[in-house]
Amino acid sequence: DTEVTQTPKHLVMGMTNKKSLKCEQHMGHRAMYWYKQKAKKPPELMFVYSYEKLSINESVPSRFSPECPNSSLLNLHLHALQPEDSALYLCASSQVGTGGIDTQYFGPGTRLTVL
Amino acid sequence: DAKTTQPTSMDCAEGRAANLPCNHSTISGNEYVYWYRQIHSQGPQYIIHGLKNNETNEMASLIITEDRKSSTLILPHATLRDTAVYYCIVRVGAGGTSYGKLTFGQGTILTVHP
């Protein structure tokens with residue numbers, strides 16, 4: 001099973017709202033990722049968690065706050081977003097390899113619209 | 001990670017083989033070639049990866065040239081469901097300094113026609 005689930009599928013929020021995106025995997029992967037994809041553009045990495053610790057932050061604005069409460073869950077907390085933050089937010093997970101391959105498996109994404 | 005160059009778009013007739021090229025002339029010895037695809041409005045789907053040998057799985061074959069400067073993804077019998085954006089990504093394996101990063105280029109839009 002290579003399934004990564006994301007909820008909700010769609011989210012509409014105002015600029016003053018606080019919302020959260022959720023990602024879950026049960027493949028025993030210890031690395032989890034958030035990507036952002038604008039329309040007609042490729043996905044761009046935002047954050048990487050390895051063993052529940054933040055290992056990469058690609059200079060993402062603080063209005064995006066990731067959280068990894070356990071090895072199966074990854075959240076992305078959203079606050080005071082701007083309309084330009086509207087995008088498809090993708091979660092992925094992988095093994096944490098040691099000299100090997102860490103193939104990433106993606107969820108279906110959450111389509112976020114900020115009004 | 002090495003930069004890749006792919007054609008912007010390609011067409012293929014249903015039932016025929018789709019051959020998607022990727023140029024990665026600056027690839028380093030410890031960098032792998034990965035292929036993902038993304039069907040409209042879905043998450044990227046892993047297809048295949050390789051280091052220097054040709055690889056085959058149930059979805060596709062990956063042919064890497066001997067000098068590793070280019071590769072070709074082959075879908076042996078394309079179907080309408082294979083219409084997607086195909087991304088060729090070159091990256092270091094786990095433990096490399098850019099570990100964890102998948103850097104997507106613009107990809108190739110493959111359209112399979114009836």
# chains A, B, ... in the order shown; residues from 1 in each chain; ligands from 1
$ residues_around --residues "segment 52-59 of chain B" --least-positions-apart "3" --cutoff "12 Å" --atoms "only C-alpha atoms" --output "JSON, numbers by chain"
{"B": [18, 27, 28, 29, 30, 31, 32, 33, 34, 35, 36, 37, 45, 46, 47, 48, 49, 62, 63, 64, 65, 66, 67, 68, 69, 70, 71, 72, 73, 74, 75, 76, 77, 78, 79, 82]}
$ residues_around --residues "segment 103-110 of chain B" --least-positions-apart "3" --cutoff "7 Å" --atoms "only C-alpha atoms" --output "list in words"
Lys41, Pro42, Pro43 and Glu44 of chain A; Gln6, Pro7, Thr8, Ser9, Met10, Asp11, Thr83, Ala84, Val85, Tyr86, Tyr87, Cys88 and Ile89 of chain B
$ closest_residue --among "B:Arg91, B:Arg16, B:His113, B:Lys3" --to "chain A" --atoms "only C-alpha atoms"
B:Arg91
$ select_by_dssp --residues "chain A" --states "strand (DSSP E)" --output "VMD selection string"
chain A and resid 4 to 7 10 to 13 18 to 25 31 to 37 44 to 50 53 to 57 64 to 70 73 to 79 87 to 94 105 to 106 110 to 114
$ atom_distance --atom1 "atom CA of Ala87 of chain A" --atom2 "atom CA of Leu54 of chain A"
22.3 Å
$ interface_residues --of "chain A" --to "chain B" --cutoff "12 Å" --atoms "only C-alpha atoms" --output "ChimeraX atom specification"
/A:2-6,9-10,30-50,54-58,87-111
$ atom_distance --atom1 "atom CA of Asn75 of chain A" --atom2 "atom CA of Gln25 of chain A"
11.9 Å
$ atom_distance --atom1 "atom CA of Cys68 of chain A" --atom2 "atom CA of Lys53 of chain A"
7.4 Å
$ residues_around --residues "Leu81 of chain A" --least-positions-apart "6" --cutoff "7 Å" --atoms "only C-alpha atoms" --output "list in words"
Met15, Arg63 and Val114 of chain A
$ residues_around --residues "Met13 of chain A" --least-positions-apart "4" --cutoff "7 Å" --atoms "only C-alpha atoms" --output "ChimeraX atom specification"
/A:17,113-115
$ write_last_selection --atoms "N, CA, C and O atoms" --output "JSON list (two decimals), in the first residue's frame"
[["chain", "number", "residue", "atom", "x", "y", "z"],
["A", 17, "ASN", "N", -8.78, 34.00, 8.57],
["A", 17, "ASN", "CA", -9.08, 32.69, 9.15],
["A", 17, "ASN", "C", -7.82, 31.94, 9.57],
["A", 17, "ASN", "O", -6.71, 32.22, 9.10],
["A", 113, "THR", "N", -8.17, 27.77, -1.61],
["A", 113, "THR", "CA", -8.52, 29.07, -2.19],
["A", 113, "THR", "C", -8.61, 30.07, -1.05],
["A", 113, "THR", "O", -9.33, 29.84, -0.07],
["A", 114, "VAL", "N", -7.85, 31.15, -1.16],
["A", 114, "VAL", "CA", -7.86, 32.22, -0.15],
["A", 114, "VAL", "C", -8.57, 33.43, -0.74],
["A", 114, "VAL", "O", -8.17, 33.93, -1.80],
["A", 115, "LEU", "N", -9.62, 33.85, -0.06],
["A", 115, "LEU", "CA", -10.42, 34.97, -0.57],
["A", 115, "LEU", "C", -10.02, 36.28, 0.10],
["A", 115, "LEU", "O", -9.56, 36.30, 1.24]]
$ closest_residue --among "A:Thr7, A:Val60, A:Leu78, A:Glu84" --to "Lys19 of chain A" --atoms "only C-alpha atoms"
A:Leu78
$ closest_residue --among "A:Asp85, A:Lys22, A:Leu112, A:Ser59" --to "Ser72 of chain A" --atoms "only C-alpha atoms"
A:Lys22
$ decode --residues "segment 39-79 of chain B" --atoms "N, CA and C atoms" --output "PDB file, in the first residue's frame"
ATOM      1  N   ILE B  39      -1.220  13.404 -13.307  1.00  0.00           N
ATOM      2  CA  ILE B  39      -2.465  13.506 -14.062  1.00  0.00           C
ATOM      3  C   ILE B  39      -3.212  14.720 -13.517  1.00  0.00           C
ATOM      4  N   HIS B  40      -3.951  15.377 -14.387  1.00  0.00           N
ATOM      5  CA  HIS B  40      -4.558  16.655 -14.070  1.00  0.00           C
ATOM      6  C   HIS B  40      -5.212  16.679 -12.693  1.00  0.00           C
ATOM      7  N   SER B  41      -4.759  17.671 -11.868  1.00  0.00           N
ATOM      8  CA  SER B  41      -5.342  17.929 -10.546  1.00  0.00           C
ATOM      9  C   SER B  41      -5.156  16.793  -9.545  1.00  0.00           C
ATOM     10  N   GLN B  42      -4.249  15.874  -9.825  1.00  0.00           N
ATOM     11  CA  GLN B  42      -3.942  14.822  -8.858  1.00  0.00           C
ATOM     12  C   GLN B  42      -2.530  15.022  -8.332  1.00  0.00           C
ATOM     13  N   GLY B  43      -2.151  14.266  -7.309  1.00  0.00           N
ATOM     14  CA  GLY B  43      -0.785  14.317  -6.811  1.00  0.00           C
ATOM     15  C   GLY B  43       0.165  13.596  -7.752  1.00  0.00           C
ATOM     16  N   PRO B  44       1.439  13.971  -7.768  1.00  0.00           N
ATOM     17  CA  PRO B  44       2.410  13.259  -8.594  1.00  0.00           C
ATOM     18  C   PRO B  44       2.477  11.783  -8.232  1.00  0.00           C
ATOM     19  N   GLN B  45       2.670  10.968  -9.247  1.00  0.00           N
ATOM     20  CA  GLN B  45       2.747   9.520  -9.075  1.00  0.00           C
ATOM     21  C   GLN B  45       4.144   9.051  -9.443  1.00  0.00           C
ATOM     22  N   TYR B  46       4.785   8.324  -8.547  1.00  0.00           N
ATOM     23  CA  TYR B  46       6.100   7.767  -8.825  1.00  0.00           C
ATOM     24  C   TYR B  46       5.980   6.730  -9.936  1.00  0.00           C
ATOM     25  N   ILE B  47       6.930   6.771 -10.888  1.00  0.00           N
ATOM     26  CA  ILE B  47       6.929   5.780 -11.965  1.00  0.00           C
ATOM     27  C   ILE B  47       8.104   4.833 -11.819  1.00  0.00           C
ATOM     28  N   ILE B  48       9.312   5.373 -11.820  1.00  0.00           N
ATOM     29  CA  ILE B  48      10.492   4.524 -11.878  1.00  0.00           C
ATOM     30  C   ILE B  48      11.714   5.366 -11.559  1.00  0.00           C
ATOM     31  N   HIS B  49      12.805   4.736 -11.173  1.00  0.00           N
ATOM     32  CA  HIS B  49      14.053   5.449 -10.992  1.00  0.00           C
ATOM     33  C   HIS B  49      15.219   4.529 -11.360  1.00  0.00           C
ATOM     34  N   GLY B  50      16.392   5.128 -11.572  1.00  0.00           N
ATOM     35  CA  GLY B  50      17.579   4.348 -11.884  1.00  0.00           C
ATOM     36  C   GLY B  50      18.840   5.147 -11.636  1.00  0.00           C
ATOM     37  N   LEU B  51      19.944   4.438 -11.530  1.00  0.00           N
ATOM     38  CA  LEU B  51      21.240   5.087 -11.333  1.00  0.00           C
ATOM     39  C   LEU B  51      22.066   5.020 -12.612  1.00  0.00           C
ATOM     40  N   LYS B  52      22.328   3.821 -13.110  1.00  0.00           N
ATOM     41  CA  LYS B  52      23.065   3.705 -14.377  1.00  0.00           C
ATOM     42  C   LYS B  52      22.581   2.537 -15.232  1.00  0.00           C
ATOM     43  N   ASN B  53      21.964   1.559 -14.602  1.00  0.00           N
ATOM     44  CA  ASN B  53      21.440   0.440 -15.384  1.00  0.00           C
ATOM     45  C   ASN B  53      20.032   0.750 -15.858  1.00  0.00           C
ATOM     46  N   ASN B  54      19.633   0.107 -16.954  1.00  0.00           N
ATOM     47  CA  ASN B  54      18.252   0.221 -17.403  1.00  0.00           C
ATOM     48  C   ASN B  54      17.346  -0.472 -16.391  1.00  0.00           C
ATOM     49  N   GLU B  55      16.158   0.068 -16.223  1.00  0.00           N
ATOM     50  CA  GLU B  55      15.220  -0.471 -15.256  1.00  0.00           C
ATOM     51  C   GLU B  55      13.860  -0.675 -15.909  1.00  0.00           C
ATOM     52  N   THR B  56      13.138  -1.659 -15.418  1.00  0.00           N
ATOM     53  CA  THR B  56      11.777  -1.917 -15.908  1.00  0.00           C
ATOM     54  C   THR B  56      10.904  -2.302 -14.734  1.00  0.00           C
ATOM     55  N   ASN B  57       9.701  -1.775 -14.728  1.00  0.00           N
ATOM     56  CA  ASN B  57       8.701  -2.243 -13.769  1.00  0.00           C
ATOM     57  C   ASN B  57       7.373  -2.375 -14.494  1.00  0.00           C
ATOM     58  N   GLU B  58       6.310  -2.551 -13.741  1.00  0.00           N
ATOM     59  CA  GLU B  58       5.011  -2.811 -14.365  1.00  0.00           C
ATOM     60  C   GLU B  58       4.460  -1.600 -15.099  1.00  0.00           C
ATOM     61  N   MET B  59       4.999  -0.431 -14.813  1.00  0.00           N
ATOM     62  CA  MET B  59       4.485   0.780 -15.456  1.00  0.00           C
ATOM     63  C   MET B  59       5.289   1.177 -16.683  1.00  0.00           C
ATOM     64  N   ALA B  60       6.618   1.037 -16.600  1.00  0.00           N
ATOM     65  CA  ALA B  60       7.450   1.645 -17.640  1.00  0.00           C
ATOM     66  C   ALA B  60       8.850   1.039 -17.633  1.00  0.00           C
ATOM     67  N   SER B  61       9.623   1.447 -18.635  1.00  0.00           N
ATOM     68  CA  SER B  61      11.050   1.131 -18.689  1.00  0.00           C
ATOM     69  C   SER B  61      11.837   2.428 -18.700  1.00  0.00           C
ATOM     70  N   LEU B  62      13.002   2.389 -18.097  1.00  0.00           N
ATOM     71  CA  LEU B  62      13.897   3.539 -18.071  1.00  0.00           C
ATOM     72  C   LEU B  62      15.209   3.128 -18.713  1.00  0.00           C
ATOM     73  N   ILE B  63      15.560   3.844 -19.777  1.00  0.00           N
ATOM     74  CA  ILE B  63      16.811   3.596 -20.472  1.00  0.00           C
ATOM     75  C   ILE B  63      17.743   4.763 -20.200  1.00  0.00           C
ATOM     76  N   ILE B  64      18.893   4.480 -19.605  1.00  0.00           N
ATOM     77  CA  ILE B  64      19.875   5.511 -19.291  1.00  0.00           C
ATOM     78  C   ILE B  64      21.091   5.286 -20.188  1.00  0.00           C
ATOM     79  N   THR B  65      21.547   6.327 -20.860  1.00  0.00           N
ATOM     80  CA  THR B  65      22.705   6.181 -21.745  1.00  0.00           C
ATOM     81  C   THR B  65      23.950   5.847 -20.930  1.00  0.00           C
ATOM     82  N   GLU B  66      24.936   5.289 -21.620  1.00  0.00           N
ATOM     83  CA  GLU B  66      26.126   4.826 -20.915  1.00  0.00           C
ATOM     84  C   GLU B  66      26.848   5.970 -20.202  1.00  0.00           C
ATOM     85  N   ASP B  67      26.853   7.159 -20.814  1.00  0.00           N
ATOM     86  CA  ASP B  67      27.500   8.306 -20.171  1.00  0.00           C
ATOM     87  C   ASP B  67      26.587   8.987 -19.152  1.00  0.00           C
ATOM     88  N   ARG B  68      25.372   8.490 -19.012  1.00  0.00           N
ATOM     89  CA  ARG B  68      24.362   8.970 -18.052  1.00  0.00           C
ATOM     90  C   ARG B  68      23.923  10.404 -18.309  1.00  0.00           C
ATOM     91  N   LYS B  69      24.223  10.961 -19.441  1.00  0.00           N
ATOM     92  CA  LYS B  69      23.846  12.354 -19.709  1.00  0.00           C
ATOM     93  C   LYS B  69      22.413  12.481 -20.205  1.00  0.00           C
ATOM     94  N   SER B  70      21.779  11.391 -20.530  1.00  0.00           N
ATOM     95  CA  SER B  70      20.376  11.462 -20.931  1.00  0.00           C
ATOM     96  C   SER B  70      19.688  10.136 -20.627  1.00  0.00           C
ATOM     97  N   SER B  71      18.371  10.192 -20.633  1.00  0.00           N
ATOM     98  CA  SER B  71      17.585   8.989 -20.383  1.00  0.00           C
ATOM     99  C   SER B  71      16.276   9.083 -21.155  1.00  0.00           C
ATOM    100  N   THR B  72      15.611   7.932 -21.287  1.00  0.00           N
ATOM    101  CA  THR B  72      14.317   7.862 -21.959  1.00  0.00           C
ATOM    102  C   THR B  72      13.376   7.017 -21.119  1.00  0.00           C
ATOM    103  N   LEU B  73      12.208   7.562 -20.862  1.00  0.00           N
ATOM    104  CA  LEU B  73      11.148   6.802 -20.222  1.00  0.00           C
ATOM    105  C   LEU B  73      10.280   6.207 -21.318  1.00  0.00           C
ATOM    106  N   ILE B  74      10.024   4.915 -21.237  1.00  0.00           N
ATOM    107  CA  ILE B  74       9.212   4.250 -22.257  1.00  0.00           C
ATOM    108  C   ILE B  74       7.955   3.683 -21.612  1.00  0.00           C
ATOM    109  N   LEU B  75       6.805   4.139 -22.123  1.00  0.00           N
ATOM    110  CA  LEU B  75       5.522   3.519 -21.786  1.00  0.00           C
ATOM    111  C   LEU B  75       5.200   2.601 -22.953  1.00  0.00           C
ATOM    112  N   PRO B  76       5.249   1.299 -22.763  1.00  0.00           N
ATOM    113  CA  PRO B  76       5.236   0.401 -23.927  1.00  0.00           C
ATOM    114  C   PRO B  76       3.939   0.405 -24.742  1.00  0.00           C
ATOM    115  N   HIS B  77       2.822   0.554 -24.097  1.00  0.00           N
ATOM    116  CA  HIS B  77       1.529   0.563 -24.809  1.00  0.00           C
ATOM    117  C   HIS B  77       0.671   1.668 -24.192  1.00  0.00           C
ATOM    118  N   ALA B  78       0.842   2.880 -24.695  1.00  0.00           N
ATOM    119  CA  ALA B  78       0.179   4.026 -24.079  1.00  0.00           C
ATOM    120  C   ALA B  78      -1.349   3.910 -24.185  1.00  0.00           C
ATOM    121  N   THR B  79      -2.022   4.330 -23.123  1.00  0.00           N
ATOM    122  CA  THR B  79      -3.481   4.407 -23.114  1.00  0.00           C
ATOM    123  C   THR B  79      -3.891   5.849 -22.849  1.00  0.00           C
TER     124      THR B  79
END
